[in-house]
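Working notes, structure below.
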Amino acid sequence: MIVVLRLGHRLGRDARISTHVGLVARAFGADFLIISGEHDKKVIESITNVSDEWGGHFDTVYKKKWEQCISEYKKKGFSIIHLTMYGLPIQNKINEIRKKKNLLIVVGGQKVPGEVYKISDYNIAITNQPHSEVAALAVFLHEYFSGTELDRQWKDASKKIIPQKRGKQVINQ
Ligand code: SAM
C-alpha cells in the first residue's frame with residue numbers, strides 16, 4: 001500500500017498544487033492521500049471527483065496532526081519516505097526502497113518542520129535542486145514502480161480515453 005502525506009496545505013494559496021499532488025499520486029499508482037495543514041474541502045472534492053470519473057478507488061482525507069499520522073503509519077510497519085532536495089539521491093536508494101511494499105511518502109510545502117527529517121526512514125532527493133512536490137512525487141513513483149504504472153488499467157471508470165494520434169476521443173461507459 002502506498003500512502004502519500006501532503007504537509008502544510010494552505011487554504012487558497014495551495015489549492016492548485018495540493019490538487020495536483022493528489023492527481024499525480026493517483027495516476028502514478030499510490031492508493032491513498034492524506035492532506036494536513038488547513039482543512040480544504042474543495043481540494044478533497046476535486047480529487048475525489050476525478051477519481052470517481054476516471055476510476056481506481058483513490059481516497060483523499062484530511063488529518064490535522066501530521067505527527068500523529070506519521071507515527072501511526074510507522075507503528076503499522078510502513079517505511080516513511082520524505083522527499084526533499086536535501087536528501088540522498090533516489091538513484092542510490094531506490095533498489096532498497098523497492099523491496100518495501102508499504103510506504104508513507106511525505107511531501108512538503110512552504111516549510112517542512114525539522115522533525116520530519118528525523119522521523120523519516122529515508123530522506124530522498126530527486127536531484128539536489130529545488131523544484132516541486134508534484135514533480136518529486138511523480139518521479140519517485142515512476143522509479144519505484146519501474147514504469148509499470150504506465151500500463152495500469154482503471155477499474156470502474158465512467159470515462160475512458162481512446163488514445164489518438166491526433167485529436168481527442170473519450171468514451172462514457
Ligand atoms: N526546501 C524544500 C525541500 O526541502 O525540498 C523545497 C520546498 S518545495 C517548494 C516543496 C516540496 O517539494 C518539498 O518539501 C519536497 O517534498 C518537494 N521537493 C522539492 N524539490 C525536491 C527535490 N529536489 N527532491 C525531492 N523533493 C523535492
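Lettering and numbering for the C-alpha cells are positional, with chains as A, B, ... in the shown order, residues counted from 1 in each chain, and ligands counted from 1 in the shown order.
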
Inset, instruction - List all protein, DNA and RNA residues that have any atom at most 12 Å from ligand 1, counting only C-alpha atoms and all ligand atoms, and write the list as a count of residues only. - result: 53

Legend entry - DSSP-assigned strand (DSSP E) among region 41-154 of chain A, expressed as an MDAnalysis selection string: chainID A and resid 59:62 79:89 103:107 122:125

Distance query Glu149 (chain A) at most 9 Å, only C-alpha atoms, self and fewer than 5 positions along chain excluded, as a compact mmCIF listing (two decimals) with N, CA and C atoms, in the first residue's frame:
# COMPACT_ATOMS: atom_id res chain seq x y z
N ALA A 27 -2.66 8.94 -10.32
CA ALA A 27 -2.33 8.50 -11.68
C ALA A 27 -1.05 7.65 -11.72
N PHE A 28 -0.14 7.89 -10.79
CA PHE A 28 1.14 7.18 -10.80
C PHE A 28 1.18 6.02 -9.81
N GLY A 29 0.02 5.62 -9.29
CA GLY A 29 -0.03 4.32 -8.60
C GLY A 29 -0.13 4.32 -7.09
N LEU A 141 7.46 7.93 -7.77
CA LEU A 141 6.55 6.80 -8.03
C LEU A 141 6.94 6.08 -9.32
N HIS A 142 7.35 6.84 -10.32
CA HIS A 142 7.75 6.24 -11.60
C HIS A 142 8.98 5.33 -11.39

Legend entry - Spatial neighbours of Ser79 (chain A), 10 Å, only C-alpha atoms, chain gap at least 3 places, as a PyMOL selection string: chain A and resi 2+70+73-76+82+97+100-105+120-122

Legend entry - From A:Arg26, A:Lys93, A:Lys99, A:Lys168, residue lying nearest Ser51 (chain A) [only C-alpha atoms]: A:Arg26

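For the pair CA of Trp154 (chain A) and CA of Ala30 (chain A), the interatomic distance is 12.9 Å.
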
Inset, instruction - Please provide the set of residues having any atom within 12 Å of Phe58 (chain A), restricted to only C-alpha atoms, with same-chain residues fewer than 3 positions apart removed, written as a ChimeraX atom specification. - result: /A:1-4,22-34,44-45,47-55,61,154-157

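Shortest atom-to-atom contact with Arg10 (chain A) among A:Asp59, A:Asp40, A:Glu115, A:Glu96: A:Asp40, counting only C-alpha atoms.
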